[in-house]
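Written below as structure tokens is the structure these notes are about.
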Amino acid sequence: MKRSLVGWLFVAPALLHLVVFALGPILYAATLSLYDWNLLKGDSRFVGFQNFTRIWEDGQFAKALLNSALYTITSVPLGIALALAVALLVAQKIRGITIFRTIYYLPAVCSQVAIAMIWIYIFLPKKGMINGVLGWFGLPNETDFLSTPGWAMAALVFMSIWVALGPRMVLFVSGILNIPESLYEAAELDGATKNQQFWKVTLPLLTPTTFFVGVTSMISAMQVFTPVYMMTKGGPEGTTDVVGYHIYSAAWERFQIGEASAMSLVLFVIILALSFGPFRAMNKQVEGAA
Amino acid sequence: MIRRTLTWAALISLAIFLLAPFVWMVLVSLHPAKAPIPDYADLIPKDPQWKNYALVLFTPEVPVTRFLVNSLVVTLCVVLGQLLVTSMAAYGLARVRFRGASTVFGTFLASMMFAGVVTQIPVYLLMRELRWLDTFAALIIPGLSSAFNVFLLRQFMLGIPFELDEASQMDGATHWQIYWRVVLPLCKPALATAAAFTFFAVWTDFFWPLLATNSMRMRTLEVGLSIFKNSYGTTNWPLQMAAAVVTLLPMILVFILAQKWFVRGIQMSGIK
């Protein structure tokens, strides 16, 4: 059999799946965005690009995009900084260190729904885990974190850092262990302090890892849904109405299929624009390894 | 010496930060149902209510055992299906090296950028059109491939010596035989990693099962757990926490058994 035919046959099932469940749906979403369609009423009407102007009218979608941006630019850098610090800690050769790595990874493999339930409890006023500790020290302990507009987003960010620590840490650990020992020896001979070694050797050589962790974290942070659905439903006062949740409620609570599709396309284009450059760089790196 | 002490202090306090919520969950789950939220001082239950677990598992309104079976069936089918589909694609891309392979690979890689939000409505409508909503088909078939696993397995297959294929070809083996008998057995570590990642991704998936099912008998454990929250009332903390323990315990056990594959997978992906 011809080589190319054999090759195509091997990739056919995965490619078919990609077309039916990813590429096709994007085109279909583009079509749906041109219709005014309420899923429950059943009648759809072609409206051209009207949905793309209508979604900005009440300002709610723009606000949701801003909320997502806020969530992303706080949770991703803080999460990465913590993960890098922890990675430096657990990349050391200490007996029993793998136990700590396992513990730090644990939240990432847990049910997100269960995690959200636990954290609702943690954030409760007075007797919740955080307020309980504040109470010991005689500090104000009545803040209802998830129902106070200034606090709810901060609470979600805090929880996301806790949940996502493990996978980011493991990526950094493997990056750190890949740095040749000889570079540190050379730096030491030149009289570099541990601090200087970190800024001049470790950090620059970790750039590809940081890049990768940053882009993948950004993509998932921009689409965060489950914790918001479980913990705040977009409240209080819409301060945690992130775009992933906003689209969900447009589509599955108000059944506005056309508008929701238009919103999802806008989000899709934003994510694509933000990750295109980094992904191309990564693609080159991977192809180069082939 | 000081450095060492500081390291240990940091390691241990971080471990407490990560474990405290879990310990808290278990302790609260043993308080009497509908009891008020305990203070720190009374956190350790005087009379542990193990029956909370029986209540959660066998309550007639929320069929947890059925959720568990659904989750097992869906996860098993998706993991096995994905391993077959993605390893075949990886073989085609890495070992057959046909014309167009790099374009196909680029497409898979690019598709890792677009996740759920934009495809949710179209895939839902497709499932509705096929009358698959609220069936196992809707829970399983959209999950049968993953660009990430194609990527992971391709990278691994590129590292297997090509002389093996050539030798087999001389002996008259077809590509399918080389794939099935030569390459796949050598890919066991990569397949184990892909299986571990997929297992947790499917088992904890919330969004799609929430959309694709609506009857109690088709819910998965993850969606079922979110129903507990409503059906026990938002204030019945002990039973909610018992339900959370029931969901988390099997996963934590599987994770501890499979953890080395997680770490290896990340090293295998070739991202440095």
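Labels used: A, B, ... for chains in the order of the structure tokens, numbers from 1 for residues in each chain, and numbers from 1 for ligands as shown.
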
Chain A contacts on chain B, only C-alpha atoms, 6 Å, as a ChimeraX atom specification: /B:39,85,88-89,92,96,98,118-119,122,145,204,244,272

For the alpha helix (DSSP H) assignment from backbone DSSP, which residues of region 58-214 of chain A qualify? Please present them as an NGL selection string. :A and (60-90 or 97-105 or 112-122 or 129-136 or 149-177 or 181-189 or 194-197 or 203-205 or 207-214)

Could you name the residues that touch Pro63 (chain B) at 8 Å or less, counting only C-alpha atoms, but leaving out those on the same chain fewer than 4 positions away, as a list in words?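 So the residues in contact are Leu57, Phe58, Thr59, Phe67, Met216 and Arg217 of chain B.
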
Selection export as a compact mmCIF listing (two decimals), in the first residue's frame, atoms kept: N, CA, C and O atoms:
```
# COMPACT_ATOMS: atom_id res chain seq x y z
N LEU B 57 -24.31 7.50 50.87
CA LEU B 57 -24.19 6.49 49.83
C LEU B 57 -25.54 5.89 49.45
O LEU B 57 -25.75 5.54 48.30
N PHE B 58 -26.45 5.77 50.42
CA PHE B 58 -27.66 5.00 50.12
C PHE B 58 -28.95 5.80 50.23
O PHE B 58 -30.02 5.24 50.33
N THR B 59 -28.84 7.12 50.21
CA THR B 59 -30.06 7.90 50.23
C THR B 59 -30.84 7.69 48.94
O THR B 59 -30.25 7.68 47.86
N PHE B 67 -24.39 6.98 40.20
CA PHE B 67 -23.43 7.96 39.69
C PHE B 67 -22.05 7.32 39.55
O PHE B 67 -21.33 7.55 38.59
N MET B 216 -31.50 11.89 36.60
CA MET B 216 -30.70 11.39 37.71
C MET B 216 -29.90 10.14 37.33
O MET B 216 -28.78 9.97 37.74
N ARG B 217 -30.51 9.26 36.51
CA ARG B 217 -29.82 8.00 36.26
C ARG B 217 -28.65 8.11 35.29
O ARG B 217 -27.88 7.19 35.17
```

Nearest to Ile120 (chain A), chosen from A:Leu156, A:Ile55, A:Ala64, A:Met218, with only C-alpha atoms counted in the distances: A:Leu156

Please list as a ChimeraX atom specification every residue within 8 Å of Arg168 (chain A), counting only C-alpha atoms and excluding residues in the same chain fewer than 5 positions away. /A:80,83-84,213

Keeping only N, CA, C and O atoms, write the selected residues to a file as a compact mmCIF listing (two decimals), in the first residue's frame.
```txt
# COMPACT_ATOMS: atom_id res chain seq x y z
N ILE A 80 2.12 31.38 39.25
CA ILE A 80 3.39 30.96 38.67
C ILE A 80 4.55 31.28 39.63
O ILE A 80 5.44 30.46 39.84
N ALA A 83 4.47 28.77 42.36
CA ALA A 83 4.87 27.45 41.87
C ALA A 83 6.38 27.39 41.66
O ALA A 83 7.02 26.38 41.97
N LEU A 84 6.95 28.48 41.17
CA LEU A 84 8.41 28.50 40.94
C LEU A 84 9.14 28.43 42.28
O LEU A 84 10.10 27.67 42.44
N VAL A 213 3.97 27.32 30.89
CA VAL A 213 3.07 27.36 32.03
C VAL A 213 2.18 28.59 31.94
O VAL A 213 0.97 28.53 32.17
```

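The gap separating CA of Met113 (chain B) from CA of Leu34 (chain A) is 23.8 Å, in Å to one decimal.
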
Considering only C-alpha atoms, state which residue in the set B:Leu83, B:Ala15, B:Ala41, B:Val26 is at the smallest distance from Leu191 (chain B).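 Of B:Leu83, B:Ala15, B:Ala41, B:Val26, the one nearest Leu191 (chain B), counting only C-alpha atoms, is B:Leu83.
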
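Between CA of Val47 (chain A) and CA of Tyr35 (chain A) there is a distance of 5.3 Å.
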
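The interatomic distance for the pair CA of Val150 (chain B) and CA of Leu133 (chain B) works out to 27.4 Å.
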
Please list as an NGL selection string every residue within 9 Å of Ser147 (chain A), counting only C-alpha atoms and excluding residues in the same chain fewer than 4 positions away. :A and (143 or 151-152 or 232 or 235-237)

Can you list, as an MDAnalysis selection string, every protein, DNA or RNA residue that comes within 10 Å of Thr74 (chain A) when you count only C-alpha atoms, leaving out same-chain residues fewer than 6 positions away? chainID A and resid 68 153:154 157:158 161

Give me, as a list in words, all polymer residues having an atom no more than 10 Å from Trp176 (chain B), counting only C-alpha atoms and skipping those fewer than 3 positions away in the same chain.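 Near neighbours after the sequence-gap exclusion: Val6 and Phe10 of chain A; Met88, Tyr91, Ala173, Tyr179, Trp180, Arg181, Val182 and Val183 of chain B.
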
Pick from A:Leu88, A:Leu82, A:Val242, A:Ala69, whichever lies nearest to Leu274 (chain A) using only C-alpha atoms: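 Looking only at the distances to Leu274 (chain A), the closest residue turns out to be A:Ala69.
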